[in-house]
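Visitor: input.cif (mmCIF, C-alpha atoms) pasted underneath:
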```
data_my_file
loop_
_atom_site.label_atom_id
_atom_site.label_comp_id
_atom_site.auth_asym_id
_atom_site.auth_seq_id
_atom_site.Cartn_x
_atom_site.Cartn_y
_atom_site.Cartn_z
CA MET A 1 0.00 0.00 0.00
CA VAL A 2 1.41 3.36 -1.03
CA ILE A 3 0.08 6.48 0.72
CA LYS A 4 0.22 9.92 -0.88
CA TYR A 5 0.18 12.67 1.78
CA PRO A 6 -1.37 16.08 1.05
CA ASP A 7 2.08 17.68 0.99
CA GLY A 8 3.14 15.43 -1.84
CA THR A 9 5.23 13.07 0.28
CA ILE A 10 4.78 9.45 -0.66
CA TYR A 11 4.95 6.78 2.01
CA THR A 12 5.88 3.26 0.99
CA PRO A 13 5.94 0.82 3.90
CA PRO A 14 9.15 -1.20 4.17
CA SER A 15 8.83 -4.29 2.02
CA LYS A 16 9.30 -7.81 3.38
CA GLU A 17 12.67 -7.93 1.72
CA LYS A 18 13.75 -4.80 3.61
CA LYS A 19 12.49 -6.21 6.91
CA GLU A 20 14.69 -9.24 6.48
CA ARG A 21 17.62 -6.91 6.02
CA LYS A 22 17.17 -5.55 9.55
CA LYS A 23 19.24 -8.53 10.73
CA PRO A 24 22.90 -7.69 11.43
CA VAL A 25 24.77 -6.95 8.23
CA ALA A 26 28.36 -6.08 7.45
CA LEU A 27 29.16 -2.43 8.22
CA ASP A 28 29.90 -1.48 4.63
CA ASN A 29 26.40 -2.53 3.66
CA PHE A 30 24.66 0.24 5.61
CA ALA A 31 24.52 2.70 2.76
CA LYS A 32 22.96 0.08 0.56
CA ARG A 33 20.14 -0.97 2.88
CA GLY A 34 17.79 1.37 1.12
CA MET A 35 15.40 2.08 4.00
CA GLY A 36 13.54 5.36 3.97
CA LEU A 37 14.68 8.29 6.09
CA GLU A 38 11.56 8.07 8.26
CA ASP A 39 12.20 4.41 9.06
CA ASP A 40 15.81 5.22 9.88
CA ILE A 41 14.81 7.99 12.29
CA ASN A 42 12.07 5.90 13.91
CA LEU A 43 14.51 3.03 14.50
CA SER A 44 17.11 5.46 15.84
CA ASN A 45 14.50 6.89 18.24
CA ASP A 46 13.55 3.40 19.43
CA PHE A 47 17.22 2.82 20.24
CA TYR A 48 17.82 6.26 21.79
CA ASN A 49 14.59 6.22 23.85
CA ALA A 50 15.25 2.71 25.16
CA SER A 51 18.78 3.67 26.20
CA LYS A 52 17.41 6.85 27.85
CA ALA A 53 19.63 9.09 25.72
CA CYS A 54 16.60 11.21 24.87
CA LEU A 55 12.82 10.94 24.54
CA VAL A 56 11.71 11.71 20.99
CA TYR A 57 8.60 10.51 19.17
CA LYS A 58 7.08 10.95 15.75
CA ARG A 59 3.83 12.85 15.82
CA PRO A 60 1.11 10.71 14.28
CA THR A 61 -0.19 11.96 10.93
CA PRO A 62 -3.39 13.89 11.56
CA ILE A 63 -6.40 12.21 9.96
CA ARG A 64 -9.88 13.70 9.61
CA ILE A 65 -12.50 11.05 10.30
CA VAL A 66 -15.71 11.41 8.32
CA LYS A 67 -17.55 8.14 8.88
CA MET A 68 -17.50 5.18 11.24
CA ASP A 69 -18.77 1.79 10.06
CA LYS A 70 -22.34 1.20 11.31
CA VAL A 71 -21.86 -2.51 11.89
CA ASP A 72 -18.20 -2.78 12.98
CA ARG A 73 -18.19 0.21 15.34
CA LYS A 74 -14.42 0.17 15.62
CA ARG A 75 -13.88 0.50 11.88
CA ILE A 76 -13.31 3.92 10.34
CA SER A 77 -14.90 3.71 6.89
CA GLU A 78 -14.16 7.17 5.55
CA ALA A 79 -11.25 9.44 6.44
CA TYR A 80 -8.75 11.82 4.84
CA PHE A 81 -5.26 13.09 5.62
CA SER A 82 -5.20 16.60 7.10
CA ALA A 83 -2.36 19.02 6.50
CA LYS A 84 0.16 19.06 9.35
CA SER A 85 0.68 22.46 10.96
CA THR A 86 3.69 21.28 12.91
CA THR A 87 6.66 19.00 12.26
CA ASP A 88 7.26 15.26 12.25
CA TYR A 89 9.21 14.86 15.48
CA ASN A 90 9.56 16.43 18.90
CA GLY A 91 10.82 15.55 22.33
CA ILE A 92 13.47 16.23 24.96
CA TYR A 93 17.25 15.90 24.84
CA ARG A 94 19.79 17.20 27.39
CA GLU A 95 16.82 18.81 29.16
CA LYS A 96 16.09 20.86 26.03
CA TYR A 97 12.94 20.77 23.92
CA ILE A 98 13.82 19.62 20.40
CA ASP A 99 11.62 19.78 17.31
CA PHE A 100 12.47 18.76 13.75
CA GLU A 101 11.24 17.81 10.33
CA ALA A 102 12.82 15.10 8.16
CA LYS A 103 12.95 15.31 4.37
CA GLU A 104 14.74 13.45 1.60
CA THR A 105 15.41 14.44 -1.97
CA ALA A 106 16.73 12.71 -5.09
CA GLU A 107 18.13 16.02 -6.43
CA LYS A 108 21.92 16.21 -6.72
CA THR A 109 22.71 19.89 -6.38
CA SER A 110 20.10 21.33 -4.02
CA PHE A 111 17.15 20.80 -1.71
CA ALA A 112 14.06 22.74 -2.87
CA PHE A 113 12.16 24.83 -0.30
CA LYS A 114 8.88 23.80 -1.90
CA ASN A 115 9.31 20.54 0.05
CA ILE A 116 8.73 22.47 3.27
CA ARG A 117 5.37 24.04 4.09
CA PRO A 118 5.26 27.66 5.37
CA GLN A 119 3.39 26.54 8.53
CA GLN A 120 6.34 24.29 9.37
CA ILE A 121 8.77 27.19 9.05
CA SER A 122 6.63 29.40 11.35
CA HIS A 123 6.32 26.52 13.78
CA LEU A 124 10.12 26.05 13.91
CA LYS A 125 10.62 29.82 14.32
CA SER A 126 8.27 29.70 17.33
CA VAL A 127 10.31 26.82 18.77
CA ILE A 128 13.44 29.01 18.62
CA GLU A 129 11.58 31.95 20.21
CA GLN A 130 10.60 29.66 23.09
CA GLY A 131 14.22 28.62 23.62
CA GLY A 132 13.96 25.22 22.00
CA ILE A 133 16.18 23.52 19.42
CA ALA A 134 14.81 23.48 15.86
CA PHE A 135 16.32 21.79 12.83
CA PHE A 136 15.84 19.77 9.67
CA ILE A 137 17.23 16.37 8.86
CA ILE A 138 17.80 16.36 5.12
CA ARG A 139 18.84 13.29 3.16
CA MET A 140 20.52 13.78 -0.21
CA LYS A 141 19.83 10.38 -1.71
CA ALA A 142 22.09 10.96 -4.72
CA HIS A 143 25.04 11.41 -2.36
CA ASN A 144 24.02 8.81 0.24
CA GLU A 145 24.35 11.51 2.87
CA THR A 146 22.09 12.79 5.65
CA TYR A 147 22.59 16.24 7.20
CA LEU A 148 21.32 18.07 10.24
CA LEU A 149 20.70 21.72 9.37
CA ALA A 150 19.83 24.14 12.19
CA CYS A 151 16.79 26.27 11.50
CA GLU A 152 18.82 29.40 12.31
CA ASP A 153 21.28 28.50 9.56
CA PHE A 154 18.88 28.24 6.67
CA LEU A 155 16.45 31.03 7.58
CA PRO A 156 18.74 33.67 5.97
CA LEU A 157 18.42 31.78 2.65
CA LEU A 158 14.64 31.99 2.87
CA GLU A 159 14.81 35.70 3.66
CA LYS A 160 16.93 36.20 0.54
CA GLU A 161 14.06 34.50 -1.30
CA ARG A 162 16.24 31.64 -2.46
CA LYS A 163 14.22 28.76 -3.86
CA SER A 164 16.46 26.02 -2.53
CA ILE A 165 19.33 25.06 -0.25
CA PRO A 166 22.41 24.39 -2.43
CA TYR A 167 24.20 21.12 -1.70
CA SER A 168 27.42 23.09 -1.08
CA PHE A 169 25.58 25.14 1.58
CA LEU A 170 24.42 21.94 3.25
CA GLN A 171 28.01 20.63 3.24
CA GLU A 172 29.29 23.88 4.73
CA LYS A 173 26.63 24.77 7.34
CA GLY A 174 25.04 21.39 7.99
CA VAL A 175 26.41 18.60 10.15
CA LEU A 176 26.85 15.29 8.35
CA ILE A 177 25.04 12.61 10.38
CA GLU A 178 27.15 9.54 10.96
CA GLU A 179 25.46 6.20 10.28
CA SER A 180 25.84 2.99 12.23
CA TYR A 181 24.01 -0.22 12.78
CA SER A 182 22.27 0.97 15.92
CA PRO A 183 21.33 3.76 16.06
CA ARG A 184 20.98 3.85 12.30
CA LEU A 185 21.42 7.65 12.32
CA LYS A 186 23.56 9.15 15.08
CA TYR A 187 21.66 12.39 14.96
CA LEU A 188 22.13 13.16 18.68
CA ASP A 189 25.88 13.43 17.98
CA ALA A 190 25.06 15.97 15.27
CA ILE A 191 22.89 17.93 17.76
CA ASP A 192 25.82 17.87 20.20
CA LYS A 193 28.17 19.34 17.57
CA ARG A 194 25.81 22.05 16.37
CA PHE A 195 24.01 23.08 19.56
CA PHE A 196 26.16 22.01 22.50
CA ASN A 197 29.70 22.57 21.13
CA LYS A 198 30.63 18.98 21.87
CA MET B 1 -20.64 11.16 15.16
CA VAL B 2 -19.48 9.57 18.40
CA ILE B 3 -16.04 7.93 18.45
CA LYS B 4 -15.11 5.23 20.94
CA TYR B 5 -11.32 5.09 21.47
CA PRO B 6 -9.60 1.81 22.35
CA ASP B 7 -8.92 3.05 25.89
CA GLY B 8 -12.65 3.47 26.49
CA THR B 9 -12.67 7.26 26.06
CA ILE B 10 -15.65 8.50 24.12
CA TYR B 11 -15.28 11.52 21.88
CA THR B 12 -18.37 13.55 21.05
CA PRO B 13 -17.64 16.51 18.80
CA PRO B 14 -19.00 19.83 20.08
CA SER B 15 -22.60 20.20 18.91
CA LYS B 16 -23.79 23.20 16.90
CA GLU B 17 -25.45 24.52 20.02
CA LYS B 18 -22.11 24.45 21.86
CA LYS B 19 -20.36 26.20 18.98
CA GLU B 20 -22.81 29.08 19.20
CA ARG B 21 -21.97 29.34 22.85
CA LYS B 22 -18.34 30.19 22.04
CA LYS B 23 -19.47 33.80 21.58
CA PRO B 24 -18.75 36.04 24.59
CA VAL B 25 -20.93 35.11 27.54
CA ALA B 26 -21.30 36.49 31.05
CA LEU B 27 -18.50 35.38 33.35
CA ASP B 28 -20.74 33.39 35.68
CA ASN B 29 -21.81 31.22 32.78
CA PHE B 30 -18.39 29.60 32.33
CA ALA B 31 -19.05 26.64 34.53
CA LYS B 32 -22.26 25.93 32.66
CA ARG B 33 -20.84 26.02 29.16
CA GLY B 34 -20.50 22.27 29.19
CA MET B 35 -17.55 21.96 26.79
CA GLY B 36 -15.35 18.93 27.13
CA LEU B 37 -11.97 19.14 28.83
CA GLU B 38 -10.16 18.46 25.56
CA ASP B 39 -11.91 21.36 23.82
CA ASP B 40 -11.07 23.62 26.75
CA ILE B 41 -7.38 22.70 26.61
CA ASN B 42 -7.22 23.02 22.82
CA LEU B 43 -8.78 26.50 22.97
CA SER B 44 -6.42 27.47 25.80
CA ASN B 45 -3.46 26.30 23.71
CA ASP B 46 -4.65 28.30 20.71
CA PHE B 47 -4.70 31.38 22.94
CA TYR B 48 -1.40 30.63 24.69
CA ASN B 49 0.45 29.71 21.47
CA ALA B 50 -0.80 32.81 19.65
CA SER B 51 0.31 35.04 22.53
CA LYS B 52 3.70 33.26 22.57
CA ALA B 53 3.28 32.26 26.23
CA CYS B 54 4.21 28.70 25.31
CA LEU B 55 4.11 26.27 22.38
CA VAL B 56 1.94 23.26 23.16
CA TYR B 57 0.03 21.02 20.77
CA LYS B 58 -2.20 18.00 21.01
CA ARG B 59 -0.68 14.89 19.50
CA PRO B 60 -2.97 13.56 16.79
CA THR B 61 -4.66 10.25 17.62
CA PRO B 62 -2.67 7.47 15.96
CA ILE B 63 -4.69 5.67 13.30
CA ARG B 64 -3.71 2.44 11.54
CA ILE B 65 -4.61 2.64 7.87
CA VAL B 66 -5.63 -0.65 6.28
CA LYS B 67 -7.09 0.33 2.94
CA MET B 68 -7.13 3.29 0.55
CA ASP B 69 -10.07 3.77 -1.84
CA LYS B 70 -9.14 2.52 -5.31
CA VAL B 71 -11.09 5.23 -7.16
CA ASP B 72 -10.75 8.25 -4.85
CA ARG B 73 -7.05 7.86 -4.06
CA LYS B 74 -7.20 10.40 -1.24
CA ARG B 75 -9.94 8.56 0.63
CA ILE B 76 -9.01 6.16 3.43
CA SER B 77 -11.65 3.44 3.29
CA GLU B 78 -10.58 1.24 6.18
CA ALA B 79 -8.72 2.28 9.32
CA TYR B 80 -8.68 1.66 13.07
CA PHE B 81 -7.58 3.56 16.16
CA SER B 82 -4.24 2.42 17.56
CA ALA B 83 -3.43 2.54 21.25
CA LYS B 84 -1.43 5.62 22.21
CA SER B 85 1.89 4.87 23.89
CA THR B 86 2.41 8.49 24.88
CA THR B 87 0.22 11.30 26.18
CA ASP B 88 -2.20 13.80 24.67
CA TYR B 89 -0.11 16.97 24.83
CA ASN B 90 3.48 18.11 24.75
CA GLY B 91 5.48 21.22 24.03
CA ILE B 92 7.70 23.91 25.53
CA TYR B 93 7.09 26.43 28.32
CA ARG B 94 9.67 28.65 30.07
CA GLU B 95 12.30 26.79 28.02
CA LYS B 96 11.23 23.51 29.64
CA TYR B 97 9.81 20.46 27.91
CA ILE B 98 6.29 19.80 29.19
CA ASP B 99 4.19 16.69 28.67
CA PHE B 100 0.73 15.90 30.01
CA GLU B 101 -2.40 13.85 29.77
CA ALA B 102 -5.91 15.22 30.31
CA LYS B 103 -8.72 13.16 31.84
CA GLU B 104 -12.18 13.88 33.19
CA THR B 105 -14.38 11.83 35.49
CA ALA B 106 -17.99 12.00 36.66
CA GLU B 107 -17.05 10.30 39.95
CA LYS B 108 -17.48 12.42 43.08
CA THR B 109 -14.98 11.01 45.54
CA SER B 110 -12.03 9.81 43.47
CA PHE B 111 -10.32 9.47 40.10
CA ALA B 112 -9.74 5.81 39.17
CA PHE B 113 -6.28 4.79 37.90
CA LYS B 114 -7.89 2.45 35.37
CA ASN B 115 -8.46 5.62 33.31
CA ILE B 116 -4.70 5.87 32.77
CA ARG B 117 -2.82 3.30 30.71
CA PRO B 118 0.47 1.86 32.10
CA GLN B 119 2.36 3.00 28.96
CA GLN B 120 1.35 6.57 29.75
CA ILE B 121 2.72 6.28 33.27
CA SER B 122 6.06 4.92 32.00
CA HIS B 123 6.16 7.64 29.37
CA LEU B 124 5.66 10.37 32.00
CA LYS B 125 8.29 8.76 34.25
CA SER B 126 10.73 8.95 31.33
CA VAL B 127 9.88 12.63 30.88
CA ILE B 128 10.86 13.29 34.50
CA GLU B 129 14.09 11.29 34.07
CA GLN B 130 14.96 13.51 31.10
CA GLY B 131 14.42 16.66 33.16
CA GLY B 132 11.03 17.56 31.71
CA ILE B 133 7.80 18.55 33.43
CA ALA B 134 5.13 15.82 33.59
CA PHE B 135 1.60 16.12 34.93
CA PHE B 136 -2.07 15.27 34.59
CA ILE B 137 -4.95 17.66 34.13
CA ILE B 138 -7.90 16.03 35.87
CA ARG B 139 -11.43 17.38 35.72
CA MET B 140 -13.86 16.37 38.46
CA LYS B 141 -17.11 17.05 36.63
CA ALA B 142 -19.26 16.55 39.73
CA HIS B 143 -17.40 19.42 41.42
CA ASN B 144 -16.96 21.62 38.35
CA GLU B 145 -13.24 21.70 39.13
CA THR B 146 -10.09 21.03 37.10
CA TYR B 147 -6.78 20.22 38.77
CA LEU B 148 -3.16 20.00 37.71
CA LEU B 149 -1.48 17.07 39.47
CA ALA B 150 2.29 16.66 39.09
CA CYS B 151 3.36 13.17 38.13
CA GLU B 152 5.79 13.10 41.07
CA ASP B 153 2.89 13.69 43.46
CA PHE B 154 0.69 10.80 42.47
CA LEU B 155 3.36 8.17 41.74
CA PRO B 156 3.58 7.28 45.47
CA LEU B 157 -0.15 6.37 45.39
CA LEU B 158 0.48 3.99 42.50
CA GLU B 159 3.42 2.43 44.33
CA LYS B 160 1.14 1.80 47.33
CA GLU B 161 -1.11 -0.03 44.85
CA ARG B 162 -4.00 2.35 45.42
CA LYS B 163 -6.72 1.98 42.81
CA SER B 164 -7.60 5.65 42.63
CA ILE B 165 -6.69 9.21 43.54
CA PRO B 166 -9.06 10.36 46.32
CA TYR B 167 -10.71 13.72 45.71
CA SER B 168 -9.27 14.96 49.03
CA PHE B 169 -5.77 14.07 47.77
CA LEU B 170 -6.39 16.06 44.60
CA GLN B 171 -7.50 19.03 46.68
CA GLU B 172 -4.42 18.79 48.88
CA LYS B 173 -1.63 17.99 46.38
CA GLY B 174 -3.12 19.26 43.13
CA VAL B 175 -3.33 22.86 41.95
CA LEU B 176 -6.85 24.05 41.16
CA ILE B 177 -6.80 25.51 37.63
CA GLU B 178 -8.47 28.90 37.41
CA GLU B 179 -10.97 29.34 34.57
CA SER B 180 -11.52 32.44 32.49
CA TYR B 181 -12.98 33.40 29.17
CA SER B 182 -9.65 33.31 27.39
CA PRO B 183 -7.71 31.20 28.07
CA ARG B 184 -10.51 28.93 29.17
CA LEU B 185 -8.13 27.07 31.52
CA LYS B 186 -5.24 29.04 33.00
CA TYR B 187 -3.11 25.95 33.29
CA LEU B 188 0.20 27.78 32.78
CA ASP B 189 -0.49 29.62 36.07
CA ALA B 190 -0.92 26.22 37.71
CA ILE B 191 2.42 25.07 36.21
CA ASP B 192 4.03 28.25 37.60
CA LYS B 193 2.72 27.48 41.10
CA ARG B 194 3.71 23.83 41.13
CA PHE B 195 6.97 23.81 39.18
CA PHE B 196 8.39 27.35 39.24
CA ASN B 197 7.38 28.51 42.77
CA LYS B 198 5.60 31.55 41.31
#
```
Translate this structure into C-alpha cells?
Guide:
Amino acid sequence: MVIKYPDGTIYTPPSKEKKERKKPVALDNFAKRGMGLEDDINLSNDFYNASKACLVYKRPTPIRIVKMDKVDRKRISEAYFSAKSTTDYNGIYREKYIDFEAKETAEKTSFAFKNIRPQQISHLKSVIEQGGIAFFIIRMKAHNETYLLACEDFLPLLEKERKSIPYSFLQEKGVLIEESYSPRLKYLDAIDKRFFNK
Amino acid sequence: MVIKYPDGTIYTPPSKEKKERKKPVALDNFAKRGMGLEDDINLSNDFYNASKACLVYKRPTPIRIVKMDKVDRKRISEAYFSAKSTTDYNGIYREKYIDFEAKETAEKTSFAFKNIRPQQISHLKSVIEQGGIAFFIIRMKAHNETYLLACEDFLPLLEKERKSIPYSFLQEKGVLIEESYSPRLKYLDAIDKRFFNK
C-alpha cells in the first residue's frame, strides 16, 4: 500500500525484503540498505529512547474522520489526511525541547524549499523563540548523505528568497550525520556538535 | 458522530449549540458552558500559542490505515484507532519540555487509575528522568473543578497499589486551575505554582 500525503510526500511501507535486512549486516552494507529516512529515524529513536539518551517521538499523521462503520463500530470507513501544521518529530534531549522535520530528496545539487510548508517554518521559528532547538534532517539520496541543518542556519536563505538550499551550503553549514548499525542515524551526535559545542 | 477510542474514552464533537456558545458570555456562565476538557485545553493552547506564552500542541490520535479507496485515491476506506503509547499533549514552556495527559471523570470522591494506561505512566516517568515537566490535568465534573497534578505527586499512590486518587488528595496535592474566558483554563499559572514557585 502506497500512501500519498497532502504535501506530496509518498509513504511506501518497508517491504518484506527490507524487513529481512534488519538482521545484522556487514558495516559497509549500511549505505545500501535502502530504508527510507523516516524508518531510519524511527529506528534510531527506538534505540535512543530505550537507552534513555533522549525521549523523541514521531507525531502521528493527523487524519480527519468522516464516517464510522455502522456494523463494525471500531472501523473507520471514511477518512482523509489533514495538513500538518507542525513538524514530524519532537521531544526532549539534554533537558532541552527539540523539534524537527525530516525530508529526503533525489536532487543532486540542491534541496528545494517547496518541500517544506510555510506553517512548518513558522512553527520552527516559534520553537526558537521559546528557547527550543529546531532543525531539519535532510537526506541527499544521490550522495548517500544525511545532514542536520539548524533552523537558524537556513532562515537567511529563505529571507533572501532563495528557492532552494544548495548542496554546497548543506556541506558547509550542515552537520553530516554519521550512520551505524544501531542507532541507524547518530543524529544526537550531530545535535551535540551544532548546539552544544561537543 | 461519536467515536469510541480503544482506551474506552468516548469523543463527542462539540454540537452546533455548543459552537454558538463560544461567543462572549457572562463570566458566571463559564461553569455551565459544558464543553469537554479536551476542547477547553485546545482552545487554551490556541490562545497561549498565539500570545507566545508557550508552544503546546495536542498529538494527533494514531490511526492504523488498512485500505485506501481505489477510485478516490485520497480517501481512506478502512482504518482503526491504535493505542497511544504516549500522552495527549506536549510542548515547551519557560524553556522547559512539558508533557501531560488530560482526563475527566464523573465520579465524586475519586479518580480511578484504570483511566490511565500503564504506557502513559512509563512515558511520564521517562519525561521526569529527562528533566522535563510531567503532569495530569484532571477534571472532576461533579465538582466543576479542574486540577493540575504533578506526576511526582501521584506516583507514590500507585506504588502503594492504590486503585484511585481520592478527591481529598487532589484538593491537597493538586493545583486548582483557574478558569476564564480566554484562556478557558489558565493551566500555565498552575504550572508556575507547582513547578516554578511563582
Visitor: Please report as a ChimeraX atom specification which residues of chain B come no farther than 9 Å from chain A, using all atoms listed in the file.
Guide: /B:1-6,49,52-55,57,59-63,66-68,73-81,86,90-98,123,126-127,129-132
Visitor: Just say which residues the PyMOL selection byres ((chain A and resi 165-173) around 10) picks in this file, as a VMD selection string.
Guide: chain A and resid 107 to 113 138 140 143 145 to 150 153 to 154 157 to 158 162 to 164 174 to 176 194
Visitor: Taking every listed atom of stretch 85-102 of chain A and adding 8 Å to each side, what centre and edge lengths in Å (one decimal) does the axis-aligned box have, as AutoDock Vina command-line options?
Guide:
```
--center_x 10.2 --center_y 18.7 --center_z 18.7 --size_x 35.1 --size_y 23.6 --size_z 37.0
```
Visitor: For this structure, which residues satisfy the selection - the PyMOL selection byres ((chain A and resi 43) around 12) - when it is evaluated on the file as given? I want them as a ChimeraX atom specification.
Guide: /A:22,35-42,44-50,56-58,180-187
Visitor: Mind pulling up the distance from atom CA of B:Leu124 to atom CA of A:Cys151?
Guide: 28.2 Å
